[in-house]
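Structure below is final-v6.cif: mmCIF, C-alpha atoms and all ligand atoms.
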data_data
#
loop_
_atom_site.label_atom_id
_atom_site.label_comp_id
_atom_site.auth_asym_id
_atom_site.auth_seq_id
_atom_site.Cartn_x
_atom_site.Cartn_y
_atom_site.Cartn_z
CA MET A 35 0.00 0.00 0.00
CA THR A 36 1.37 3.46 -0.87
CA GLU A 37 1.20 6.62 1.24
CA SER A 38 -1.35 8.15 -1.08
CA SER A 39 -3.65 5.13 -1.00
CA PRO A 40 -7.10 6.00 0.31
CA VAL A 41 -7.08 2.76 2.27
CA ARG A 42 -4.91 3.55 5.29
CA ALA A 43 -2.94 1.11 7.34
CA THR A 44 -4.27 2.48 10.61
CA LYS A 45 -6.50 0.23 12.75
CA PRO A 46 -9.49 -0.42 10.53
CA LYS A 47 -12.82 0.90 11.65
CA GLN A 48 -15.28 -1.86 12.47
CA VAL A 49 -18.99 -1.15 12.33
CA ARG A 50 -21.08 -3.94 13.83
CA PRO A 51 -24.37 -4.96 12.29
CA ALA A 52 -27.29 -3.29 14.05
CA THR A 53 -30.88 -2.75 13.11
CA GLU A 54 -32.54 0.61 13.02
CA GLY A 55 -36.06 1.48 11.98
CA TRP A 56 -37.32 -2.09 12.43
CA THR A 57 -37.09 -4.82 15.08
CA GLN A 58 -35.47 -8.11 14.23
CA LYS A 59 -37.60 -11.07 15.33
CA LYS A 60 -35.83 -13.24 17.95
CA ASP A 61 -36.29 -16.85 19.07
CA ALA A 62 -36.77 -18.05 22.68
CA GLU A 63 -32.99 -17.88 23.29
CA GLY A 64 -32.81 -14.30 22.03
CA ARG A 65 -31.13 -15.24 18.75
CA PRO A 66 -32.41 -13.95 15.38
CA LEU A 67 -35.42 -16.10 14.48
CA LEU A 68 -34.93 -18.57 11.61
CA GLN A 69 -38.11 -19.81 9.93
CA PHE A 70 -37.55 -23.00 7.95
CA ALA A 71 -41.13 -24.30 7.89
CA SER A 72 -43.66 -22.54 5.71
CA PRO A 73 -46.61 -21.21 7.73
CA LYS A 74 -49.80 -23.13 6.94
CA ARG A 75 -51.96 -21.29 4.43
CA GLY A 76 -54.43 -22.32 1.75
CA LYS A 77 -52.49 -24.16 -0.96
CA PRO A 78 -52.36 -22.61 -4.44
CA PRO A 79 -54.41 -24.52 -7.02
CA VAL A 80 -52.57 -27.46 -8.60
CA HIS A 81 -51.26 -26.53 -12.03
CA LEU A 82 -49.72 -28.44 -14.93
CA ALA A 83 -46.26 -27.11 -13.98
CA ASP A 84 -46.52 -28.72 -10.52
CA LEU A 85 -46.86 -32.17 -12.08
CA THR A 86 -44.60 -34.69 -13.78
CA PRO A 87 -45.57 -35.65 -17.35
CA GLU A 88 -47.19 -38.86 -16.03
CA GLN A 89 -49.17 -36.96 -13.42
CA ARG A 90 -50.29 -34.52 -16.10
CA ALA A 91 -51.69 -37.29 -18.25
CA ALA A 92 -53.49 -38.75 -15.22
CA ARG A 93 -55.03 -35.41 -14.33
CA VAL A 94 -56.13 -34.80 -17.90
CA ALA A 95 -57.88 -38.18 -17.78
CA GLU A 96 -59.53 -37.25 -14.47
CA LEU A 97 -60.95 -34.21 -16.21
CA GLY A 98 -62.44 -36.51 -18.84
CA MET A 99 -60.02 -35.80 -21.71
CA PRO A 100 -57.69 -38.13 -23.65
CA GLY A 101 -54.05 -38.09 -22.52
CA PHE A 102 -52.70 -36.39 -25.65
CA ARG A 103 -54.44 -33.17 -24.62
CA ALA A 104 -51.70 -32.70 -22.02
CA LYS A 105 -49.19 -32.22 -24.83
CA GLN A 106 -51.40 -29.56 -26.40
CA LEU A 107 -51.59 -27.67 -23.12
CA GLU A 108 -47.81 -27.92 -22.72
CA MET A 109 -47.40 -26.35 -26.17
CA HIS A 110 -49.74 -23.49 -25.35
CA TYR A 111 -48.25 -22.79 -21.97
CA PHE A 112 -44.52 -23.41 -22.45
CA GLN A 113 -44.17 -22.28 -26.07
CA HIS A 114 -46.87 -19.70 -26.61
CA TRP A 115 -47.04 -18.55 -22.98
CA THR A 116 -50.80 -18.50 -22.79
CA HIS A 117 -53.36 -19.95 -20.41
CA ASP A 118 -56.30 -18.32 -22.18
CA PRO A 119 -58.82 -20.88 -23.50
CA ALA A 120 -59.71 -18.46 -26.31
CA ASP A 121 -56.20 -19.01 -27.78
CA MET A 122 -56.63 -22.81 -27.79
CA THR A 123 -58.77 -23.48 -30.84
CA ASP A 124 -57.22 -26.94 -31.20
CA LEU A 125 -59.19 -28.03 -28.12
CA PRO A 126 -62.87 -28.95 -28.46
CA ALA A 127 -65.05 -25.94 -27.72
CA ALA A 128 -67.37 -27.93 -25.45
CA GLY A 129 -65.93 -27.89 -21.92
CA ARG A 130 -62.75 -26.12 -23.05
CA GLU A 131 -62.89 -23.34 -20.46
CA GLU A 132 -63.41 -25.72 -17.57
CA PHE A 133 -60.68 -28.07 -18.77
CA VAL A 134 -58.09 -25.34 -19.31
CA HIS A 135 -58.96 -23.76 -16.01
CA GLY A 136 -58.54 -27.13 -14.30
CA MET A 137 -55.05 -27.62 -15.75
CA LEU A 138 -53.77 -24.04 -16.03
CA PRO A 139 -55.47 -22.10 -13.24
CA PRO A 140 -54.42 -18.44 -13.06
CA LEU A 141 -51.73 -18.11 -10.38
CA LEU A 142 -50.32 -14.59 -10.58
CA THR A 143 -52.30 -11.38 -10.79
CA GLU A 144 -50.21 -8.44 -11.92
CA VAL A 145 -50.56 -5.61 -9.40
CA ARG A 146 -47.90 -3.21 -10.53
CA ARG A 147 -45.12 -2.87 -13.08
CA LEU A 148 -42.19 -0.45 -12.73
CA GLU A 149 -39.64 0.22 -15.47
CA THR A 150 -36.20 1.79 -15.61
CA ASP A 151 -33.04 1.72 -17.81
CA ARG A 152 -35.14 2.88 -20.81
CA GLY A 153 -37.48 -0.03 -20.35
CA ASP A 154 -34.66 -2.61 -20.18
CA THR A 155 -35.37 -3.38 -16.50
CA ILE A 156 -38.89 -4.16 -15.32
CA LYS A 157 -40.02 -5.03 -11.81
CA PHE A 158 -43.31 -6.88 -11.47
CA LEU A 159 -45.38 -7.05 -8.31
CA TRP A 160 -47.62 -10.13 -8.30
CA LYS A 161 -50.49 -11.11 -6.06
CA LEU A 162 -50.92 -14.83 -5.38
CA HIS A 163 -54.28 -16.57 -4.92
CA ASP A 164 -54.27 -15.95 -1.16
CA GLY A 165 -53.22 -12.31 -1.38
CA ALA A 166 -49.51 -12.97 -0.68
CA LEU A 167 -47.26 -10.61 -2.67
CA VAL A 168 -44.05 -11.44 -4.55
CA GLU A 169 -41.85 -9.67 -7.06
CA SER A 170 -39.73 -10.58 -10.08
CA VAL A 171 -37.25 -8.43 -12.00
CA LEU A 172 -36.66 -8.76 -15.74
CA MET A 173 -33.41 -7.41 -17.18
CA ARG A 174 -32.26 -7.11 -20.77
CA TYR A 175 -28.48 -7.28 -21.26
CA THR A 176 -26.54 -7.54 -24.49
CA GLY A 177 -27.01 -11.11 -25.65
CA ARG A 178 -29.13 -12.34 -22.78
CA ILE A 179 -32.34 -11.68 -20.88
CA THR A 180 -32.31 -12.50 -17.18
CA LEU A 181 -35.26 -12.94 -14.86
CA CYS A 182 -34.75 -12.70 -11.12
CA VAL A 183 -37.47 -14.92 -9.63
CA SER A 184 -38.92 -15.29 -6.15
CA SER A 185 -39.18 -18.72 -4.55
CA GLN A 186 -41.01 -17.76 -1.35
CA ALA A 187 -43.37 -14.97 -0.34
CA GLY A 188 -41.11 -13.20 2.17
CA CYS A 189 -38.11 -15.02 3.64
CA GLY A 190 -37.36 -16.72 6.94
CA MET A 191 -33.60 -16.21 6.98
CA ASN A 192 -33.74 -12.83 8.75
CA CYS A 193 -30.57 -11.26 7.29
CA PRO A 194 -30.58 -7.75 8.75
CA PHE A 195 -29.32 -6.00 5.58
CA CYS A 196 -31.96 -7.48 3.27
CA ALA A 197 -35.42 -5.92 3.01
CA THR A 198 -37.08 -9.26 2.24
CA GLY A 199 -35.74 -10.83 5.42
CA GLN A 200 -37.12 -8.04 7.57
CA ALA A 201 -40.67 -9.00 6.64
CA GLY A 202 -40.39 -12.68 7.67
CA LEU A 203 -41.72 -15.68 5.79
CA THR A 204 -45.30 -15.62 4.52
CA ARG A 205 -45.18 -18.97 2.70
CA ASN A 206 -43.41 -21.19 0.20
CA MET A 207 -44.34 -20.69 -3.43
CA SER A 208 -45.49 -23.66 -5.48
CA ALA A 209 -43.39 -24.88 -8.42
CA ALA A 210 -45.99 -23.51 -10.83
CA GLU A 211 -46.02 -20.11 -9.13
CA ILE A 212 -42.26 -19.99 -9.67
CA VAL A 213 -42.50 -21.09 -13.31
CA GLU A 214 -45.40 -18.75 -14.05
CA GLN A 215 -43.11 -15.76 -13.40
CA ILE A 216 -41.05 -16.87 -16.42
CA VAL A 217 -44.07 -17.62 -18.60
CA ARG A 218 -45.50 -14.16 -17.91
CA ALA A 219 -42.14 -12.52 -18.62
CA ASN A 220 -41.81 -14.43 -21.91
CA ARG A 221 -45.27 -13.31 -22.85
CA LEU A 222 -44.39 -9.69 -22.20
CA ILE A 223 -41.18 -9.98 -24.23
CA SER A 224 -42.98 -11.55 -27.18
CA ASP A 225 -45.55 -8.75 -27.02
CA GLY A 226 -42.65 -6.27 -27.36
CA GLY A 227 -42.84 -5.05 -23.77
CA LEU A 228 -39.15 -5.19 -22.78
CA GLY A 229 -37.09 -2.23 -23.97
CA ASP A 230 -37.98 0.47 -26.42
CA PRO A 231 -39.48 -1.27 -29.48
CA ARG A 232 -37.67 1.21 -31.77
CA ARG A 233 -34.37 0.03 -30.37
CA VAL A 234 -34.61 -3.75 -29.97
CA GLY A 235 -35.77 -6.67 -32.06
CA HIS A 236 -38.15 -9.08 -30.40
CA ASP A 237 -38.36 -11.97 -32.81
CA GLY A 238 -38.11 -15.21 -30.91
CA GLU A 239 -36.65 -13.51 -27.85
CA ARG A 240 -37.34 -14.95 -24.43
CA VAL A 241 -35.84 -15.24 -20.98
CA THR A 242 -32.45 -16.98 -21.31
CA ASN A 243 -31.18 -16.80 -17.72
CA ILE A 244 -32.84 -17.30 -14.35
CA VAL A 245 -31.46 -16.19 -11.02
CA PHE A 246 -33.13 -17.34 -7.81
CA MET A 247 -32.30 -14.03 -6.21
CA GLY A 248 -35.74 -12.55 -5.74
CA MET A 249 -37.69 -13.00 -2.54
CA GLY A 250 -37.01 -16.11 -0.53
CA GLU A 251 -34.39 -18.70 0.30
CA PRO A 252 -34.69 -21.25 -2.55
CA LEU A 253 -33.08 -24.11 -0.65
CA ALA A 254 -35.60 -23.72 2.20
CA ASN A 255 -38.28 -24.56 -0.40
CA TYR A 256 -36.22 -27.35 -1.92
CA ALA A 257 -38.74 -29.76 -3.49
CA ARG A 258 -40.79 -27.06 -5.21
CA VAL A 259 -37.74 -25.19 -6.43
CA MET A 260 -36.34 -28.43 -7.90
CA GLN A 261 -39.65 -29.23 -9.62
CA ALA A 262 -39.59 -25.69 -11.06
CA VAL A 263 -36.00 -26.19 -12.27
CA ARG A 264 -36.97 -29.50 -13.89
CA VAL A 265 -39.80 -27.77 -15.74
CA MET A 266 -37.48 -24.93 -16.78
CA THR A 267 -34.93 -27.34 -18.27
CA ASP A 268 -37.25 -30.00 -19.72
CA LYS A 269 -36.99 -29.75 -23.51
CA GLU A 270 -39.97 -31.96 -24.23
CA HIS A 271 -42.43 -31.08 -21.48
CA GLY A 272 -41.22 -27.71 -20.23
CA LEU A 273 -39.45 -24.49 -21.11
CA GLY A 274 -36.30 -26.16 -22.51
CA MET A 275 -33.88 -23.72 -20.90
CA SER A 276 -30.22 -24.47 -20.27
CA ALA A 277 -29.41 -25.51 -16.68
CA ARG A 278 -26.20 -23.49 -16.84
CA GLY A 279 -28.25 -20.36 -17.27
CA ILE A 280 -30.08 -21.01 -14.00
CA THR A 281 -28.44 -19.75 -10.81
CA VAL A 282 -29.53 -20.97 -7.40
CA SER A 283 -28.37 -18.60 -4.67
CA THR A 284 -28.42 -19.56 -1.00
CA VAL A 285 -27.51 -18.24 2.44
CA GLY A 286 -25.76 -21.59 2.95
CA LEU A 287 -28.10 -24.42 3.97
CA VAL A 288 -25.36 -27.03 3.87
CA PRO A 289 -27.39 -30.29 3.74
CA ALA A 290 -29.48 -28.84 0.90
CA ILE A 291 -26.33 -27.78 -1.00
CA THR A 292 -25.11 -31.37 -0.76
CA LYS A 293 -28.45 -32.62 -2.04
CA LEU A 294 -28.41 -30.13 -4.90
CA ALA A 295 -24.97 -31.38 -5.94
CA ASP A 296 -26.41 -34.90 -6.21
CA GLU A 297 -29.23 -33.89 -8.56
CA ASP A 298 -28.44 -34.51 -12.17
CA ILE A 299 -29.07 -30.87 -13.11
CA PRO A 300 -25.90 -28.75 -13.38
CA VAL A 301 -27.35 -25.39 -12.34
CA THR A 302 -25.00 -22.58 -11.44
CA PHE A 303 -24.54 -22.38 -7.70
CA ALA A 304 -24.04 -19.17 -5.71
CA LEU A 305 -23.29 -18.83 -2.01
CA SER A 306 -24.15 -15.60 -0.18
CA LEU A 307 -21.10 -15.41 2.04
CA HIS A 308 -20.70 -11.70 2.89
CA ALA A 309 -18.01 -12.35 5.52
CA PRO A 310 -15.06 -14.80 5.66
CA ASP A 311 -15.00 -14.88 9.48
CA ASP A 312 -17.65 -16.44 11.73
CA LYS A 313 -17.56 -13.58 14.19
CA LEU A 314 -19.06 -11.19 11.65
CA ARG A 315 -21.04 -13.72 9.62
CA ASP A 316 -22.86 -14.91 12.75
CA GLU A 317 -24.36 -11.43 12.92
CA LEU A 318 -24.85 -10.78 9.21
CA ILE A 319 -26.34 -14.13 8.20
CA PRO A 320 -28.24 -15.65 11.12
CA VAL A 321 -28.13 -19.13 9.57
CA ASN A 322 -24.39 -19.07 10.25
CA SER A 323 -25.35 -20.20 13.75
CA ARG A 324 -26.14 -23.60 12.15
CA TRP A 325 -23.54 -23.87 9.40
CA LYS A 326 -20.26 -21.98 9.73
CA VAL A 327 -18.19 -20.28 7.03
CA ASP A 328 -15.87 -23.28 6.59
CA GLU A 329 -18.74 -25.76 6.32
CA ALA A 330 -20.50 -23.59 3.73
CA LEU A 331 -17.27 -23.23 1.72
CA ASP A 332 -16.60 -26.98 1.91
CA ALA A 333 -20.11 -27.63 0.58
CA ALA A 334 -19.55 -25.11 -2.22
CA ARG A 335 -16.26 -26.78 -3.17
CA ALA A 336 -17.98 -30.19 -3.12
CA TYR A 337 -20.62 -28.76 -5.47
CA PHE A 338 -17.84 -27.92 -7.93
CA ASP A 339 -16.31 -31.41 -7.56
CA LYS A 340 -19.64 -33.11 -8.29
CA THR A 341 -20.84 -30.89 -11.12
CA GLY A 342 -17.73 -29.31 -12.62
CA ARG A 343 -19.58 -25.99 -12.45
CA ARG A 344 -17.57 -23.06 -11.14
CA VAL A 345 -19.33 -21.65 -8.10
CA SER A 346 -19.93 -18.06 -7.27
CA ILE A 347 -19.44 -16.32 -3.93
CA GLU A 348 -21.68 -13.31 -3.34
CA TYR A 349 -20.37 -10.59 -1.11
CA ALA A 350 -22.38 -7.41 -0.46
CA LEU A 351 -19.83 -4.70 0.32
CA ILE A 352 -20.95 -2.75 3.38
CA LYS A 353 -18.99 0.29 4.49
CA ASP A 354 -16.60 -0.35 7.41
CA MET A 355 -18.45 -3.56 8.20
CA ASN A 356 -17.14 -6.30 5.92
CA ASP A 357 -15.08 -4.39 3.33
CA HIS A 358 -11.67 -4.43 5.04
CA ALA A 359 -8.54 -5.34 3.16
CA TRP A 360 -7.76 -8.06 5.71
CA ARG A 361 -11.14 -9.64 5.01
CA ALA A 362 -10.41 -9.72 1.27
CA ASP A 363 -7.12 -11.46 2.11
CA LEU A 364 -8.78 -13.91 4.48
CA LEU A 365 -11.44 -14.71 1.89
CA ALA A 366 -8.77 -15.32 -0.76
CA GLU A 367 -6.86 -17.53 1.65
CA LYS A 368 -9.92 -19.63 2.49
CA LEU A 369 -10.85 -20.04 -1.17
CA ASN A 370 -7.30 -20.87 -2.30
CA ALA A 371 -6.98 -23.37 0.55
CA ARG A 372 -9.70 -25.35 -1.24
CA GLY A 373 -7.95 -25.37 -4.59
CA ARG A 374 -7.73 -23.21 -7.70
CA GLY A 375 -10.12 -22.52 -10.56
CA TRP A 376 -13.27 -23.65 -8.76
CA VAL A 377 -14.72 -20.35 -7.69
CA HIS A 378 -15.18 -16.71 -8.50
CA VAL A 379 -16.26 -13.84 -6.30
CA ASN A 380 -19.07 -11.48 -7.07
CA PRO A 381 -19.01 -8.43 -4.79
CA ILE A 382 -22.25 -6.42 -4.78
CA PRO A 383 -22.21 -2.79 -3.66
CA LEU A 384 -24.81 -2.76 -0.86
CA ASN A 385 -28.20 -1.53 -1.99
CA PRO A 386 -30.07 0.67 0.44
CA THR A 387 -33.05 -0.84 2.26
CA PRO A 388 -35.75 1.07 4.16
CA GLY A 389 -34.57 2.30 7.54
CA SER A 390 -31.06 0.94 7.06
CA ILE A 391 -28.17 2.84 8.56
CA TRP A 392 -25.64 0.88 6.55
CA THR A 393 -24.13 2.14 3.35
CA ALA A 394 -22.23 0.77 0.41
CA SER A 395 -18.44 0.85 0.61
CA ASP A 396 -16.58 3.81 -0.84
CA VAL A 397 -15.45 3.17 -4.38
CA PRO A 398 -11.67 3.11 -3.63
CA VAL A 399 -12.28 0.60 -0.82
CA GLN A 400 -14.44 -1.49 -3.11
CA ASN A 401 -11.76 -1.43 -5.81
CA GLU A 402 -9.07 -2.39 -3.32
CA PHE A 403 -11.19 -5.35 -2.15
CA VAL A 404 -11.59 -6.56 -5.72
CA ARG A 405 -7.90 -5.98 -6.54
CA ARG A 406 -6.69 -8.05 -3.59
CA LEU A 407 -8.83 -11.01 -4.55
CA ASN A 408 -7.80 -10.82 -8.20
CA ASP A 409 -4.13 -10.52 -7.20
CA ALA A 410 -4.53 -13.66 -5.10
CA GLY A 411 -5.71 -15.48 -8.23
CA ILE A 412 -9.44 -15.43 -7.52
CA PRO A 413 -11.43 -14.11 -10.49
CA THR A 414 -13.53 -11.31 -9.04
CA THR A 415 -16.03 -9.06 -10.77
CA LEU A 416 -18.35 -6.47 -9.27
CA ARG A 417 -21.98 -7.21 -9.94
CA ASP A 418 -23.69 -4.72 -12.20
CA THR A 419 -26.81 -4.21 -10.13
CA ARG A 420 -29.89 -3.09 -11.91
CA GLY A 421 -33.13 -1.57 -10.77
CA LYS A 422 -32.01 0.42 -7.73
CA GLU A 423 -34.26 3.35 -8.71
CA ILE A 424 -37.33 1.10 -8.65
CA ASP A 425 -36.29 -0.79 -5.50
CA GLY A 426 -35.75 -3.80 -7.69
CA ALA A 427 -32.09 -4.50 -6.91
CA CYS A 428 -30.65 -7.31 -4.75
CA GLY A 429 -32.02 -7.18 -1.25
CA GLN A 430 -34.61 -4.52 -1.99
CA LEU A 431 -37.58 -6.71 -2.78
CA VAL A 432 -40.33 -6.25 -0.23
CA ALA A 433 -44.02 -5.44 -0.49
CA THR A 434 -44.38 -1.91 0.87
CA GLU A 435 -47.54 -0.55 2.50
CA ASP A 436 -48.31 1.22 -0.73
CA ASP A 437 -47.90 -2.03 -2.70
CA GLN A 438 -50.26 -3.70 -0.25
CA ALA A 439 -52.88 -1.00 -0.70
CA VAL A 440 -52.72 -1.23 -4.50
CA ALA A 441 -52.80 -5.03 -4.27
CA ALA A 442 -55.87 -4.98 -2.05
CA ALA A 443 -57.68 -2.93 -4.69
CA THR A 444 -56.65 -5.27 -7.53
CA PRO A 445 -59.14 -8.08 -8.21
CA LEU A 446 -57.65 -11.56 -8.63
CA GLU A 447 -57.54 -12.93 -12.16
CA VAL A 448 -60.13 -15.63 -12.50
N1 LIG B 1 -31.89 -16.12 -0.16
C1 LIG B 1 -30.97 -16.20 -1.25
C2 LIG B 1 -31.37 -15.47 -2.50
C3 LIG B 1 -31.94 -14.06 -2.38
S1 LIG B 1 -30.95 -12.64 -2.27
C4 LIG B 1 -29.61 -15.75 -0.82
O1 LIG B 1 -29.49 -15.14 0.24
O2 LIG B 1 -28.64 -16.02 -1.51
C5 LIG B 1 -29.85 -12.51 -3.59
C6 LIG B 1 -28.55 -11.84 -3.17
O3 LIG B 1 -28.72 -10.46 -2.79
C7 LIG B 1 -27.93 -12.52 -1.97
O4 LIG B 1 -26.56 -12.69 -2.16
C8 LIG B 1 -28.19 -11.52 -0.88
O5 LIG B 1 -27.32 -11.67 0.20
C9 LIG B 1 -28.00 -10.21 -1.62
N2 LIG B 1 -28.51 -9.05 -0.88
C10 LIG B 1 -29.46 -9.03 0.07
N3 LIG B 1 -29.65 -7.77 0.53
C11 LIG B 1 -28.82 -6.97 -0.17
C12 LIG B 1 -28.58 -5.58 -0.19
N4 LIG B 1 -29.23 -4.76 0.61
N5 LIG B 1 -27.64 -5.12 -1.05
C13 LIG B 1 -26.98 -5.96 -1.89
N6 LIG B 1 -27.18 -7.28 -1.93
C14 LIG B 1 -28.09 -7.79 -1.07
#
This structure in structure tokens:
Amino acid sequence: MTESSPVRATKPKQVRPATEGWTQKKDAEGRPLLQFASPKRGKPPVHLADLTPEQRAARVAELGMPGFRAKQLEMHYFQHWTHDPADMTDLPAAGREEFVHGMLPPLLTEVRRLETDRGDTIKFLWKLHDGALVESVLMRYTGRITLCVSSQAGCGMNCPFCATGQAGLTRNMSAAEIVEQIVRANRLISDGGLGDPRRVGHDGERVTNIVFMGMGEPLANYARVMQAVRVMTDKEHGLGMSARGITVSTVGLVPAITKLADEDIPVTFALSLHAPDDKLRDELIPVNSRWKVDEALDAARAYFDKTGRRVSIEYALIKDMNDHAWRADLLAEKLNARGRGWVHVNPIPLNPTPGSIWTASDVPVQNEFVRRLNDAGIPTTLRDTRGKEIDGACGQLVATEDDQAVAAATPLEV
């Protein structure tokens, strides 16, 4: 470090995580509450995307139709992105509405849509059948279109810097509710709704990449998330997307990471680490009380060994809290101790959340953090966060009071 460096060698300032403007829920022992089980609520209606191809055929038969009708519905839903019986003239008119409704019940009612980046970023607010609210964020980049999907309404992981965590867990989403976010986004893209139509071509465009970085902890809703991933990647009976383009991001539920590695679906895996030392991570990521930094990193390395997919470490840079040069060095050391070429680091400048007293790191500090990791041989790139102006960036997804009021006045699609 040189004299003129903005990062001084004096004793680094250490801000400890604290909450302000909201109260963190605690368990009986006074530790931040972790909610793994989904509160009991009315289940969403069963939908084609919740079922395996065999179950679909059985359900079609239950509704009094021959099995091959399932294939027709799959075409309409996964390739033309419609659940409207009026679009399905290849189905017999008699009983069509009832049949389609029985297989493709409406799951998401659009409450609100916010756009930024000249229409290249769109945040959707959806109401589910029971009034629960979730969001997804659609982003056009050069050469790819990414959808950030929610996997739970709310989140039970209680991370104090994330707006979703502050609201607690409302419930798990069904596989079809997860998939429907993509179908609706594809529909909007094909209707020319993403980006200025004078600027972009829409022919055949659709969502190419999925990140499970909306509301929720995907691995706490494991079975439904995996069913959704199977539907996303199924070429014959689903959306036919590439598994590599799907990123599952987790706070670090170690047994579920191990299970994910054993599935035969090589999705991209991302671990939200945010601190290389347990002392700080215990406070930043409450689930660290169950699975420590080293256990989470071992599981991430094992994911690479099983799948050959390079894993990604997410690290929100928070001023004077986790952005110290020594932490960059410690992170590099822990990653290199587990081998080379298996991991890259994705620092995210902290996005502001309501009531938060924490701020993103200063740019020179951020750059120094990135430089140290790169110099240690760990490929490190800052995440280009989108949607900050519409509260659509990482960690900002939460249904506000205003959202709730608009949602209450929006009738459910029937
Ligand atoms: N529950 C999952 C996925 C949702 S969040 C997980 O934690 O990985 C997606 C990413 O955004 C996570 O890495 C999360 O830690 C990060 N994040 C949360 N709040 C943030 C904030 N205020 N600023 C920047 N990133 C944030």
Exercise for review: In Å, rounded to a single decimal, give me how far CA of Leu331 (chain A) is from CA of Glu367 (chain A).
Suggested key: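 Spanning CA of Glu367 (chain A) to CA of Leu331 (chain A) is a straight-line distance of 11.9 Å.
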Nearby residues, ligand LIG 1 (chain B), 8 Å, all atoms listed in the file, as a PDB file with C-alpha atoms, in the coordinates of the input:
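Once everything was written out, this is result17.pdb:
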ATOM      1  CA  CYS A 189     -38.110 -15.020   3.640  1.00  0.00           C
ATOM      2  CA  MET A 191     -33.600 -16.210   6.980  1.00  0.00           C
ATOM      3  CA  CYS A 193     -30.570 -11.260   7.290  1.00  0.00           C
ATOM      4  CA  PHE A 195     -29.320  -6.000   5.580  1.00  0.00           C
ATOM      5  CA  CYS A 196     -31.960  -7.480   3.270  1.00  0.00           C
ATOM      6  CA  ALA A 197     -35.420  -5.920   3.010  1.00  0.00           C
ATOM      7  CA  THR A 198     -37.080  -9.260   2.240  1.00  0.00           C
ATOM      8  CA  PHE A 246     -33.130 -17.340  -7.810  1.00  0.00           C
ATOM      9  CA  MET A 247     -32.300 -14.030  -6.210  1.00  0.00           C
ATOM     10  CA  GLY A 248     -35.740 -12.550  -5.740  1.00  0.00           C
ATOM     11  CA  MET A 249     -37.690 -13.000  -2.540  1.00  0.00           C
ATOM     12  CA  GLY A 250     -37.010 -16.110  -0.530  1.00  0.00           C
ATOM     13  CA  GLU A 251     -34.390 -18.700   0.300  1.00  0.00           C
ATOM     14  CA  PRO A 252     -34.690 -21.250  -2.550  1.00  0.00           C
ATOM     15  CA  VAL A 282     -29.530 -20.970  -7.400  1.00  0.00           C
ATOM     16  CA  SER A 283     -28.370 -18.600  -4.670  1.00  0.00           C
ATOM     17  CA  THR A 284     -28.420 -19.560  -1.000  1.00  0.00           C
ATOM     18  CA  VAL A 285     -27.510 -18.240   2.440  1.00  0.00           C
ATOM     19  CA  GLY A 286     -25.760 -21.590   2.950  1.00  0.00           C
ATOM     20  CA  ALA A 304     -24.040 -19.170  -5.710  1.00  0.00           C
ATOM     21  CA  LEU A 305     -23.290 -18.830  -2.010  1.00  0.00           C
ATOM     22  CA  SER A 306     -24.150 -15.600  -0.180  1.00  0.00           C
ATOM     23  CA  LEU A 307     -21.100 -15.410   2.040  1.00  0.00           C
ATOM     24  CA  HIS A 308     -20.700 -11.700   2.890  1.00  0.00           C
ATOM     25  CA  GLU A 348     -21.680 -13.310  -3.340  1.00  0.00           C
ATOM     26  CA  TYR A 349     -20.370 -10.590  -1.110  1.00  0.00           C
ATOM     27  CA  ALA A 350     -22.380  -7.410  -0.460  1.00  0.00           C
ATOM     28  CA  LEU A 351     -19.830  -4.700   0.320  1.00  0.00           C
ATOM     29  CA  ILE A 382     -22.250  -6.420  -4.780  1.00  0.00           C
ATOM     30  CA  PRO A 383     -22.210  -2.790  -3.660  1.00  0.00           C
ATOM     31  CA  LEU A 384     -24.810  -2.760  -0.860  1.00  0.00           C
ATOM     32  CA  ASN A 385     -28.200  -1.530  -1.990  1.00  0.00           C
ATOM     33  CA  PRO A 386     -30.070   0.670   0.440  1.00  0.00           C
ATOM     34  CA  THR A 387     -33.050  -0.840   2.260  1.00  0.00           C
ATOM     35  CA  ALA A 427     -32.090  -4.500  -6.910  1.00  0.00           C
ATOM     36  CA  CYS A 428     -30.650  -7.310  -4.750  1.00  0.00           C
ATOM     37  CA  GLY A 429     -32.020  -7.180  -1.250  1.00  0.00           C
ATOM     38  CA  GLN A 430     -34.610  -4.520  -1.990  1.00  0.00           C
TER      39      GLN A 430
END
**Study point:** Residues within 8 Å of (-43.7, -31.6, -23.3), file coords, only C-alpha atoms, listed as a PyMOL selection string
**Key:** chain A and resi 87+105+108-109+268-272
Review point. From the list A:Leu446, A:His378, A:Thr150, A:Leu431, which residue is nearest Arg417 (chain A) when using only C-alpha atoms?
Key: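 So, comparing all the options, the nearest one is A:His378.
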Study note, to complete from the structure: For Ala128 (chain A), the closest of A:Ser208, A:Pro78, A:Met99, A:Trp115 counting only C-alpha atoms is A:Met99
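Of the residues under consideration (A:Glu211, A:Glu149, A:Glu54, A:Glu63), A:Glu149 shows the shortest atom-to-atom contact distance to Glu423 (chain A) when counting all atoms listed in the file.
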